[in-house]
file final-v6.tsv (TSV, C-alpha atoms and all ligand atoms)
chain	number	residue	atom	x	y	z
A	484	MET	CA	85.08	126.91	80.76
A	485	ALA	CA	82.05	124.65	81.05
A	486	ARG	CA	79.10	124.88	78.69
A	487	ILE	CA	76.49	127.57	79.36
A	488	ILE	CA	73.22	126.10	80.62
A	489	LEU	CA	71.28	129.35	81.10
A	490	GLU	CA	71.81	132.79	79.63
A	491	THR	CA	69.68	135.90	79.67
A	492	ARG	CA	70.35	138.87	77.44
A	493	GLY	CA	68.74	142.23	78.15
A	494	LEU	CA	66.07	140.57	80.31
A	495	THR	CA	63.62	143.27	81.33
A	496	LYS	CA	60.34	143.31	83.29
A	497	ARG	CA	58.24	146.37	83.95
A	498	TYR	CA	55.01	146.51	85.91
A	499	GLY	CA	53.45	149.69	84.56
A	500	GLY	CA	55.94	152.35	85.62
A	501	VAL	CA	57.87	150.03	87.96
A	502	HIS	CA	61.18	148.95	86.42
A	503	ALA	CA	61.51	145.70	88.40
A	504	LEU	CA	64.19	144.20	86.13
A	505	GLU	CA	66.31	146.14	83.65
A	506	ASP	CA	68.55	144.76	80.95
A	507	ALA	CA	69.82	141.74	82.90
A	508	ASP	CA	72.67	139.82	81.23
A	509	PHE	CA	73.17	136.65	83.23
A	510	VAL	CA	75.13	133.47	82.56
A	511	LEU	CA	75.13	130.15	84.40
A	512	HIS	CA	77.52	127.34	83.43
A	513	GLU	CA	77.04	123.59	83.58
A	514	GLY	CA	77.52	122.39	87.18
A	515	GLU	CA	77.92	125.92	88.53
A	516	HIS	CA	76.21	127.16	91.71
A	517	VAL	CA	75.45	130.87	91.66
A	518	ALA	CA	73.88	133.03	94.36
A	519	VAL	CA	71.62	135.93	93.48
A	520	VAL	CA	71.72	138.54	96.23
A	521	GLY	CA	70.36	142.04	96.71
A	522	ASP	CA	68.25	144.21	98.95
A	523	ASN	CA	64.47	143.81	99.28
A	524	GLY	CA	62.87	144.83	96.02
A	525	ALA	CA	66.14	144.58	94.03
A	526	GLY	CA	64.50	142.37	91.40
A	527	LYS	CA	65.72	138.91	92.37
A	528	SER	CA	62.33	137.18	92.42
A	529	THR	CA	61.25	139.06	89.32
A	530	PHE	CA	64.30	137.66	87.53
A	531	VAL	CA	63.36	134.11	88.57
A	532	ARG	CA	59.72	134.61	87.55
A	533	GLN	CA	60.81	135.58	84.03
A	534	VAL	CA	63.22	132.65	83.67
A	535	THR	CA	60.58	130.19	84.88
A	536	ALA	CA	57.81	131.87	82.84
A	537	VAL	CA	55.59	132.48	85.85
A	538	GLU	CA	55.26	135.84	84.11
A	539	GLN	CA	56.00	136.93	80.57
A	540	ARG	CA	58.97	139.24	80.18
A	541	THR	CA	58.73	142.78	78.83
A	542	ALA	CA	61.91	142.42	76.75
A	543	GLY	CA	65.06	140.39	76.35
A	544	GLU	CA	66.11	136.88	75.43
A	545	ILE	CA	66.49	133.67	77.42
A	546	PHE	CA	68.65	130.77	76.25
A	547	PHE	CA	68.36	127.43	78.02
A	548	ASP	CA	70.57	124.48	77.20
A	549	GLY	CA	71.78	126.22	74.05
A	550	GLN	CA	68.36	127.12	72.66
A	551	PRO	CA	66.40	130.38	72.73
A	552	VAL	CA	63.28	129.71	74.82
A	553	SER	CA	59.92	131.36	75.39
A	554	PHE	CA	58.09	129.07	77.78
A	555	ALA	CA	54.33	129.59	77.82
A	556	GLY	CA	54.23	128.96	81.57
A	557	PRO	CA	56.03	127.37	84.54
A	558	LEU	CA	54.92	123.87	83.61
A	559	GLU	CA	56.68	124.16	80.27
A	560	ALA	CA	59.82	125.41	82.03
A	561	ARG	CA	59.63	122.44	84.37
A	562	GLU	CA	59.17	120.02	81.50
A	563	ALA	CA	62.30	121.50	79.89
A	564	GLY	CA	64.23	120.65	83.07
A	565	ILE	CA	64.04	123.79	85.24
A	566	GLU	CA	62.97	122.87	88.77
A	567	THR	CA	62.08	125.74	91.05
A	568	VAL	CA	61.54	125.92	94.79
A	569	PHE	CA	59.63	129.15	95.39
A	570	GLN	CA	59.47	131.24	98.54
A	571	THR	CA	55.87	130.18	98.94
A	572	LEU	CA	55.93	126.44	98.48
A	573	ALA	CA	53.68	125.03	95.84
A	574	LEU	CA	52.68	121.98	97.88
A	575	ALA	CA	49.22	120.50	98.24
A	576	ASP	CA	48.43	120.24	101.96
A	577	ASP	CA	45.96	117.37	101.72
A	578	LEU	CA	48.19	115.10	99.66
A	579	ASP	CA	50.94	112.77	100.85
A	580	VAL	CA	54.61	113.10	99.87
A	581	PRO	CA	54.57	110.97	96.67
A	582	SER	CA	51.47	112.78	95.37
A	583	ASN	CA	53.20	116.09	95.97
A	584	LEU	CA	56.37	114.98	94.26
A	585	PHE	CA	54.47	113.86	91.20
A	586	LEU	CA	51.90	116.64	91.16
A	587	GLY	CA	51.18	117.48	87.53
A	588	ARG	CA	53.27	114.61	86.18
A	589	GLU	CA	51.72	111.55	87.78
A	590	LEU	CA	52.74	108.06	86.73
A	591	PHE	CA	49.92	105.88	85.42
A	592	ARG	CA	49.45	102.14	85.34
A	593	PHE	CA	46.75	102.56	82.75
A	594	ARG	CA	45.56	105.50	80.75
A	595	LEU	CA	42.97	105.61	78.01
A	596	GLY	CA	41.05	108.79	77.31
A	597	PRO	CA	39.29	109.86	80.51
A	598	PHE	CA	40.06	106.53	82.21
A	599	SER	CA	43.26	106.23	84.17
A	600	ILE	CA	44.75	104.36	87.11
A	601	LEU	CA	47.58	105.98	89.03
A	602	ASP	CA	50.70	103.92	89.61
A	603	ARG	CA	50.96	104.70	93.33
A	604	LYS	CA	53.51	101.97	93.97
A	605	ALA	CA	55.97	103.32	91.38
A	606	MET	CA	55.48	106.89	92.60
A	607	ARG	CA	56.09	105.83	96.21
A	608	GLU	CA	59.24	103.94	95.22
A	609	ARG	CA	60.60	106.87	93.20
A	610	THR	CA	59.81	109.14	96.15
A	611	LEU	CA	61.77	106.98	98.59
A	612	GLU	CA	64.68	106.92	96.12
A	613	ALA	CA	64.59	110.70	95.77
A	614	LEU	CA	64.53	111.20	99.53
A	615	LYS	CA	67.46	108.80	99.83
A	616	THR	CA	69.45	110.73	97.22
A	617	THR	CA	68.90	113.95	99.11
A	618	ALA	CA	69.39	112.33	102.54
A	619	VAL	CA	66.09	113.85	103.61
A	620	LYS	CA	64.41	112.07	106.48
A	621	ILE	CA	60.62	112.15	106.39
A	622	PRO	CA	59.22	109.76	109.02
A	623	ASN	CA	56.11	108.79	107.07
A	624	VAL	CA	55.76	109.69	103.41
A	625	ASP	CA	52.12	108.55	103.44
A	626	ASN	CA	51.08	111.36	105.77
A	627	PRO	CA	49.49	114.44	104.32
A	628	ILE	CA	51.92	117.33	103.96
A	629	ARG	CA	49.75	119.37	106.34
A	630	ASN	CA	51.07	117.40	109.32
A	631	MET	CA	54.71	118.18	108.60
A	632	SER	CA	57.01	120.84	110.01
A	633	GLY	CA	58.17	123.79	107.93
A	634	GLY	CA	61.54	122.14	107.46
A	635	GLN	CA	60.10	118.83	106.34
A	636	ARG	CA	57.80	120.61	103.90
A	637	GLN	CA	60.73	122.54	102.49
A	638	CYS	CA	62.68	119.31	102.16
A	639	VAL	CA	59.80	117.70	100.28
A	640	ALA	CA	59.76	120.63	97.87
A	641	ILE	CA	63.51	120.31	97.42
A	642	ALA	CA	63.41	116.53	97.12
A	643	ARG	CA	61.05	117.07	94.20
A	644	THR	CA	63.97	118.64	92.37
A	645	ALA	CA	65.98	115.47	92.95
A	646	ALA	CA	63.21	113.11	91.88
A	647	PHE	CA	63.44	114.25	88.32
A	648	ALA	CA	66.41	114.69	86.07
A	649	SER	CA	66.44	118.45	86.36
A	650	LYS	CA	68.96	120.35	84.27
A	651	LEU	CA	68.74	123.43	86.47
A	652	VAL	CA	67.50	124.04	89.99
A	653	ILE	CA	66.37	127.45	91.20
A	654	MET	CA	65.74	128.10	94.88
A	655	ASP	CA	64.20	131.35	96.09
A	656	GLU	CA	65.06	131.84	99.77
A	657	PRO	CA	64.83	128.12	100.58
A	658	THR	CA	65.81	128.48	104.23
A	659	ALA	CA	64.27	131.85	105.11
A	660	ALA	CA	61.59	130.32	107.33
A	661	LEU	CA	63.62	127.42	108.74
A	662	GLY	CA	65.33	126.66	112.03
A	663	VAL	CA	69.02	125.88	112.41
A	664	GLN	CA	68.79	122.10	111.94
A	665	GLU	CA	66.34	122.32	109.07
A	666	THR	CA	68.56	124.90	107.39
A	667	ALA	CA	71.53	122.56	107.71
A	668	GLN	CA	69.52	119.79	106.07
A	669	VAL	CA	68.56	121.98	103.11
A	670	GLU	CA	72.18	123.13	102.78
A	671	ASN	CA	73.25	119.49	102.62
A	672	ILE	CA	70.79	118.88	99.81
A	673	ILE	CA	72.34	121.81	97.96
A	674	ARG	CA	75.81	120.31	98.43
A	675	GLY	CA	74.42	117.05	97.06
A	676	LEU	CA	73.23	118.85	93.92
A	677	LYS	CA	76.74	120.26	93.49
A	678	ASP	CA	78.25	116.78	93.83
A	679	ARG	CA	75.85	115.51	91.20
A	680	GLY	CA	76.78	118.39	88.85
A	681	VAL	CA	73.30	119.95	88.87
A	682	PRO	CA	73.58	123.72	88.34
A	683	LEU	CA	71.84	125.98	90.85
A	684	ILE	CA	70.62	129.54	91.21
A	685	LEU	CA	70.20	130.30	94.89
A	686	ILE	CA	68.45	133.47	96.02
A	687	SER	CA	69.48	134.19	99.57
A	688	HIS	CA	69.86	137.07	102.01
A	689	ASN	CA	72.17	134.95	104.13
A	690	LEU	CA	75.74	135.82	103.13
A	691	ARG	CA	77.24	133.15	105.40
A	692	GLN	CA	75.21	130.59	103.49
A	693	VAL	CA	76.07	132.11	100.14
A	694	PHE	CA	79.82	132.03	100.79
A	695	ASP	CA	79.50	128.51	102.11
A	696	LEU	CA	77.61	127.06	99.18
A	697	VAL	CA	78.15	128.77	95.84
A	698	ASP	CA	80.91	129.39	93.29
A	699	ARG	CA	79.84	132.87	92.19
A	700	ILE	CA	77.73	135.72	93.52
A	701	VAL	CA	75.58	137.96	91.33
A	702	VAL	CA	74.35	141.18	92.94
A	703	PHE	CA	71.09	142.85	91.93
A	704	ARG	CA	70.38	146.43	92.79
A	705	ARG	CA	67.30	148.40	91.77
A	706	GLY	CA	66.47	145.91	89.04
A	707	ARG	CA	69.97	145.78	87.57
A	708	ILE	CA	72.85	143.35	87.85
A	709	VAL	CA	75.67	145.41	89.36
A	710	ALA	CA	78.26	142.70	90.04
A	711	SER	CA	79.18	139.12	89.24
A	712	LEU	CA	82.06	137.92	91.38
A	713	ARG	CA	83.74	134.60	91.99
A	714	LYS	CA	83.61	133.71	95.67
A	715	ASP	CA	87.41	133.70	95.89
A	716	GLU	CA	87.74	137.24	94.49
A	717	THR	CA	85.36	138.93	96.94
A	718	ASP	CA	84.22	138.96	100.56
A	719	GLY	CA	81.16	139.85	102.63
A	720	ASN	CA	82.04	143.55	102.94
A	721	ASP	CA	82.60	143.84	99.21
A	722	ILE	CA	79.24	142.20	98.45
A	723	VAL	CA	77.45	144.49	100.93
A	724	SER	CA	79.05	147.49	99.19
A	725	TYR	CA	77.47	146.37	95.93
A	726	ILE	CA	74.12	145.59	97.56
A	727	THR	CA	73.91	149.05	99.13
A	728	GLY	CA	75.29	150.92	96.12
A	729	VAL	CA	78.53	152.10	97.72
A	730	LYS	CA	80.11	150.21	94.83
A	731	GLY	CA	78.71	149.67	91.38
A	732	GLY	CA	75.89	152.21	91.78
A	733	THR	CA	75.34	155.87	91.01
A	734	GLU	CA	76.15	156.66	94.66
A	735	ALA	CA	79.72	155.56	94.01
A	736	ALA	CA	80.33	158.46	91.62
B	1	LIG	N1	53.36	142.12	90.41
B	1	LIG	C1	53.99	143.26	90.64
B	1	LIG	N2	53.40	144.45	90.37
B	1	LIG	C2	54.06	145.63	90.58
B	1	LIG	N3	55.29	145.72	91.09
B	1	LIG	C3	55.92	144.57	91.39
B	1	LIG	C4	55.31	143.28	91.20
B	1	LIG	N4	56.18	142.33	91.58
B	1	LIG	C5	57.29	142.97	92.01
B	1	LIG	N5	57.13	144.32	91.90
B	1	LIG	C6	58.12	145.34	92.24
B	1	LIG	O1	59.31	145.03	91.53
B	1	LIG	C7	60.45	145.32	92.30
B	1	LIG	C8	61.31	144.05	92.43
B	1	LIG	O2	60.64	143.10	93.28
B	1	LIG	P1	61.18	141.65	93.58
B	1	LIG	O3	60.13	140.94	94.34
B	1	LIG	O4	61.68	141.04	92.33
B	1	LIG	O5	62.41	141.96	94.54
B	1	LIG	P2	63.32	140.94	95.35
B	1	LIG	O6	64.72	141.34	95.07
B	1	LIG	O7	62.94	139.55	95.06
B	1	LIG	O8	62.94	141.32	96.86
B	1	LIG	P3	62.82	140.41	98.19
B	1	LIG	O9	64.21	140.14	98.64
B	1	LIG	O10	62.11	141.34	99.12
B	1	LIG	O11	62.03	139.18	97.85
B	1	LIG	C9	59.94	145.87	93.63
B	1	LIG	O12	59.95	147.28	93.54
B	1	LIG	C10	58.53	145.33	93.69
B	1	LIG	O13	57.72	146.19	94.47

call {"tool": "encode", "arguments": {"input": "final-v6.tsv", "output": "structure tokens"}}
result
Amino acid sequence: MARIILETRGLTKRYGGVHALEDADFVLHEGEHVAVVGDNGAGKSTFVRQVTAVEQRTAGEIFFDGQPVSFAGPLEAREAGIETVFQTLALADDLDVPSNLFLGRELFRFRLGPFSILDRKAMRERTLEALKTTAVKIPNVDNPIRNMSGGQRQCVAIARTAAFASKLVIMDEPTAALGVQETAQVENIIRGLKDRGVPLILISHNLRQVFDLVDRIVVFRRGRIVASLRKDETDGNDIVSYITGVKGGTEAA
């Protein structure tokens, strides 16, 4: 079995009395694509927010690339190699595509104390390379993001994951707001990540997509992981049984 890239042990998050995530033991291997599924409010986004340090966990351990980690915030997680595409895209509307790709990690031609000159040429070139890798077509990368369609914006956010040598990509509902063609484009990018051996956690409500794209499906229910099944040992009905609690929940007793 391949090396483990991400592991959580007993990962727990409570908001006051709300047990959003309870005792989650999760493993992701090198090169593996795993879907995280579950009903609304099952704890999927909460899980991602703890792994990416958008919030600080209540309890539990996280191991990334063989080391125990406690990132201070999402930037630190990103610097460690975890690229995340959130449900609400963290894109700056007024900036063009290269500026968005390099937001927070700009390349400089010159930097001395408060004086710096951005290396726009290098950032533009790296952007075009990244878009080429992901086969994303953006007609004019120099346009502000504001003028782009939902699908193009989503592709920019996803291309950002390809622009850097990410060790892990996490996508939270990347196609929820997209049309058919745009969804197909994002799914192609995901296949490209698989070909390049980049591991992925994909949160999705779309079981067709999940069965199409991933190796393994992890089901969350009421804040707990209730199943982890290889795609070839389960089917849509089985997964729905776990999501609804017919299987793997107290209702099954
Ligand atoms: N900041 C918060 N404060 C209080 N409760 C929260 C907070 N964030 C999430 N919750 C609660 O935690 C539980 C898990 O929510 P979470 O958003 O992780 O679910 P989800 O599986 O991602 O759902 P969805 O598919 O709807 O995005 C829910 O009961 C939610 O109401």

call {"tool": "closest_residue", "arguments": {"input": "final-v6.tsv", "among": "A:Ser582, A:Ser687, A:Gln692, A:Thr491", "to": "A:Ala605", "atoms": "all atoms listed in the file"}}
result
A:Ser582

call {"tool": "residues_near_ligand", "arguments": {"input": "final-v6.tsv", "ligand": "ligand LIG 1 (chain B)", "cutoff": "6 Å", "atoms": "only C-alpha atoms and all ligand atoms", "output": "mmCIF file with C-alpha atoms, in the frame of the given file"}}
result
data_model
loop_
_atom_site.group_PDB
_atom_site.id
_atom_site.type_symbol
_atom_site.label_atom_id
_atom_site.label_comp_id
_atom_site.auth_asym_id
_atom_site.auth_seq_id
_atom_site.Cartn_x
_atom_site.Cartn_y
_atom_site.Cartn_z
ATOM 1 C CA TYR A 498 55.010 146.510 85.910
ATOM 2 C CA VAL A 501 57.870 150.030 87.960
ATOM 3 C CA ALA A 503 61.510 145.700 88.400
ATOM 4 C CA GLY A 521 70.360 142.040 96.710
ATOM 5 C CA ASP A 522 68.250 144.210 98.950
ATOM 6 C CA ASN A 523 64.470 143.810 99.280
ATOM 7 C CA GLY A 524 62.870 144.830 96.020
ATOM 8 C CA ALA A 525 66.140 144.580 94.030
ATOM 9 C CA GLY A 526 64.500 142.370 91.400
ATOM 10 C CA LYS A 527 65.720 138.910 92.370
ATOM 11 C CA SER A 528 62.330 137.180 92.420
ATOM 12 C CA THR A 529 61.250 139.060 89.320
#

call {"tool": "closest_residue", "arguments": {"input": "final-v6.tsv", "among": "A:Ile672, A:Val663, A:Ile686, A:Val729", "to": "A:Lys615", "atoms": "only C-alpha atoms"}}
result
A:Ile672

call {"tool": "atom_distance", "arguments": {"input": "final-v6.tsv", "atom1": "atom CA of A:Ala507", "atom2": "atom CA of A:Leu494"}}
result
4.7 Å

call {"tool": "closest_residue", "arguments": {"input": "final-v6.tsv", "among": "A:His502, A:Arg603, A:Arg588, A:Arg492", "to": "A:Pro551", "atoms": "all atoms listed in the file"}}
result
A:Arg492

call {"tool": "closest_residue", "arguments": {"input": "final-v6.tsv", "among": "A:Asp715, A:Glu515, A:Glu665, A:Glu656", "to": "A:Ile488", "atoms": "all atoms listed in the file"}}
result
A:Glu515

call {"tool": "residues_near_point", "arguments": {"input": "final-v6.tsv", "point": "(62.7, 136.4, 73.8)", "cutoff": "9 Å", "atoms": "only C-alpha atoms", "output": "PyMOL selection string"}}
result
chain A and resi 492+494+540+542-546+551-553

call {"tool": "atom_distance", "arguments": {"input": "final-v6.tsv", "atom1": "atom CA of A:Met606", "atom2": "atom CA of A:Leu590"}}
result
6.6 Å

call {"tool": "closest_residue", "arguments": {"input": "final-v6.tsv", "among": "A:Val520, A:Leu578, A:Ile600, A:Val568", "to": "A:Thr658", "atoms": "all atoms listed in the file"}}
result
A:Val568

call {"tool": "atom_distance", "arguments": {"input": "final-v6.tsv", "atom1": "atom CA of A:Gly634", "atom2": "atom CA of A:Leu661"}}
result
5.8 Å

call {"tool": "closest_residue", "arguments": {"input": "final-v6.tsv", "among": "A:Glu538, A:Glu608, A:Glu566, A:Asp576", "to": "A:Asp655", "atoms": "only C-alpha atoms"}}
result
A:Glu566

call {"tool": "residues_around", "arguments": {"input": "final-v6.tsv", "residues": "A:Glu513", "least_positions_apart": "3", "cutoff": "8 Å", "atoms": "all atoms listed in the file", "output": "PDB file with C-alpha atoms, in the coordinates of the input"}}
result
ATOM      1  CA  ALA A 485      82.050 124.650  81.050  1.00  0.00           C
ATOM      2  CA  ARG A 486      79.100 124.880  78.690  1.00  0.00           C
ATOM      3  CA  ILE A 487      76.490 127.570  79.360  1.00  0.00           C
ATOM      4  CA  ILE A 488      73.220 126.100  80.620  1.00  0.00           C
ATOM      5  CA  GLY A 680      76.780 118.390  88.850  1.00  0.00           C
ATOM      6  CA  VAL A 681      73.300 119.950  88.870  1.00  0.00           C
ATOM      7  CA  PRO A 682      73.580 123.720  88.340  1.00  0.00           C
TER       8      PRO A 682
END

call {"tool": "residues_near_point", "arguments": {"input": "final-v6.tsv", "point": "(78.5, 149.7, 92.0)", "cutoff": "12 Å", "atoms": "only C-alpha atoms", "output": "list in words"}}
result
Val702, Phe703, Arg704, Arg705, Arg707, Ile708, Val709, Ala710, Ser711, Asp721, Ile722, Val723, Ser724, Tyr725, Ile726, Thr727, Gly728, Val729, Lys730, Gly731, Gly732, Thr733, Glu734, Ala735 and Ala736 of chain A

call {"tool": "residues_around", "arguments": {"input": "final-v6.tsv", "residues": "A:Asn623", "least_positions_apart": "2", "cutoff": "12 Å", "atoms": "all atoms listed in the file", "output": "VMD selection string"}}
result
chain A and resid 579 to 581 607 610 to 611 614 619 to 621 625 to 628 630 to 631 635 639

call {"tool": "residues_around", "arguments": {"input": "final-v6.tsv", "residues": "A:Ile565", "least_positions_apart": "5", "cutoff": "9 Å", "atoms": "all atoms listed in the file", "output": "PyMOL selection string"}}
result
chain A and resi 535+557+559-560+644+649-653

call {"tool": "decode", "arguments": {"input": "final-v6.tsv", "residues": "stretch 543-560 of chain A", "atoms": "N, CA and C atoms", "output": "PDB file, in the first residue's frame"}}
result
ATOM      1  N   GLY A 543      -7.905  15.910  18.964  1.00  0.00           N
ATOM      2  CA  GLY A 543      -7.454  15.000  17.919  1.00  0.00           C
ATOM      3  C   GLY A 543      -6.114  15.399  17.338  1.00  0.00           C
ATOM      4  N   GLU A 544      -5.605  14.514  16.487  1.00  0.00           N
ATOM      5  CA  GLU A 544      -4.284  14.732  15.878  1.00  0.00           C
ATOM      6  C   GLU A 544      -4.387  14.714  14.362  1.00  0.00           C
ATOM      7  N   ILE A 545      -3.516  15.496  13.725  1.00  0.00           N
ATOM      8  CA  ILE A 545      -3.433  15.493  12.264  1.00  0.00           C
ATOM      9  C   ILE A 545      -1.982  15.220  11.882  1.00  0.00           C
ATOM     10  N   PHE A 546      -1.785  14.254  10.987  1.00  0.00           N
ATOM     11  CA  PHE A 546      -0.445  13.961  10.477  1.00  0.00           C
ATOM     12  C   PHE A 546      -0.449  14.254   8.989  1.00  0.00           C
ATOM     13  N   PHE A 547       0.515  15.058   8.550  1.00  0.00           N
ATOM     14  CA  PHE A 547       0.606  15.366   7.126  1.00  0.00           C
ATOM     15  C   PHE A 547       2.007  15.036   6.652  1.00  0.00           C
ATOM     16  N   ASP A 548       2.085  14.234   5.611  1.00  0.00           N
ATOM     17  CA  ASP A 548       3.378  13.862   5.052  1.00  0.00           C
ATOM     18  C   ASP A 548       4.295  13.274   6.131  1.00  0.00           C
ATOM     19  N   GLY A 549       3.705  12.463   7.000  1.00  0.00           N
ATOM     20  CA  GLY A 549       4.485  11.746   8.004  1.00  0.00           C
ATOM     21  C   GLY A 549       4.761  12.494   9.296  1.00  0.00           C
ATOM     22  N   GLN A 550       4.346  13.759   9.367  1.00  0.00           N
ATOM     23  CA  GLN A 550       4.645  14.560  10.561  1.00  0.00           C
ATOM     24  C   GLN A 550       3.354  14.994  11.261  1.00  0.00           C
ATOM     25  N   PRO A 551       3.357  15.019  12.607  1.00  0.00           N
ATOM     26  CA  PRO A 551       2.207  15.624  13.278  1.00  0.00           C
ATOM     27  C   PRO A 551       2.194  17.126  12.987  1.00  0.00           C
ATOM     28  N   VAL A 552       1.043  17.685  12.659  1.00  0.00           N
ATOM     29  CA  VAL A 552       0.997  19.115  12.316  1.00  0.00           C
ATOM     30  C   VAL A 552      -0.076  19.832  13.122  1.00  0.00           C
ATOM     31  N   SER A 553       0.213  21.089  13.418  1.00  0.00           N
ATOM     32  CA  SER A 553      -0.762  22.006  14.032  1.00  0.00           C
ATOM     33  C   SER A 553      -0.581  23.334  13.338  1.00  0.00           C
ATOM     34  N   PHE A 554      -1.129  23.463  12.147  1.00  0.00           N
ATOM     35  CA  PHE A 554      -0.969  24.714  11.400  1.00  0.00           C
ATOM     36  C   PHE A 554      -1.662  25.851  12.147  1.00  0.00           C
ATOM     37  N   ALA A 555      -1.004  27.017  12.141  1.00  0.00           N
ATOM     38  CA  ALA A 555      -1.590  28.177  12.821  1.00  0.00           C
ATOM     39  C   ALA A 555      -2.769  28.730  12.028  1.00  0.00           C
ATOM     40  N   GLY A 556      -2.748  28.532  10.706  1.00  0.00           N
ATOM     41  CA  GLY A 556      -3.827  29.051   9.871  1.00  0.00           C
ATOM     42  C   GLY A 556      -3.726  28.469   8.476  1.00  0.00           C
ATOM     43  N   PRO A 557      -4.682  28.825   7.595  1.00  0.00           N
ATOM     44  CA  PRO A 557      -4.727  28.229   6.259  1.00  0.00           C
ATOM     45  C   PRO A 557      -3.497  28.527   5.403  1.00  0.00           C
ATOM     46  N   LEU A 558      -2.874  29.667   5.648  1.00  0.00           N
ATOM     47  CA  LEU A 558      -1.681  30.006   4.865  1.00  0.00           C
ATOM     48  C   LEU A 558      -0.552  29.014   5.161  1.00  0.00           C
ATOM     49  N   GLU A 559      -0.430  28.669   6.435  1.00  0.00           N
ATOM     50  CA  GLU A 559       0.602  27.704   6.823  1.00  0.00           C
ATOM     51  C   GLU A 559       0.312  26.333   6.202  1.00  0.00           C
ATOM     52  N   ALA A 560      -0.966  25.962   6.159  1.00  0.00           N
ATOM     53  CA  ALA A 560      -1.341  24.682   5.543  1.00  0.00           C
ATOM     54  C   ALA A 560      -0.992  24.710   4.059  1.00  0.00           C
TER      55      ALA A 560
END
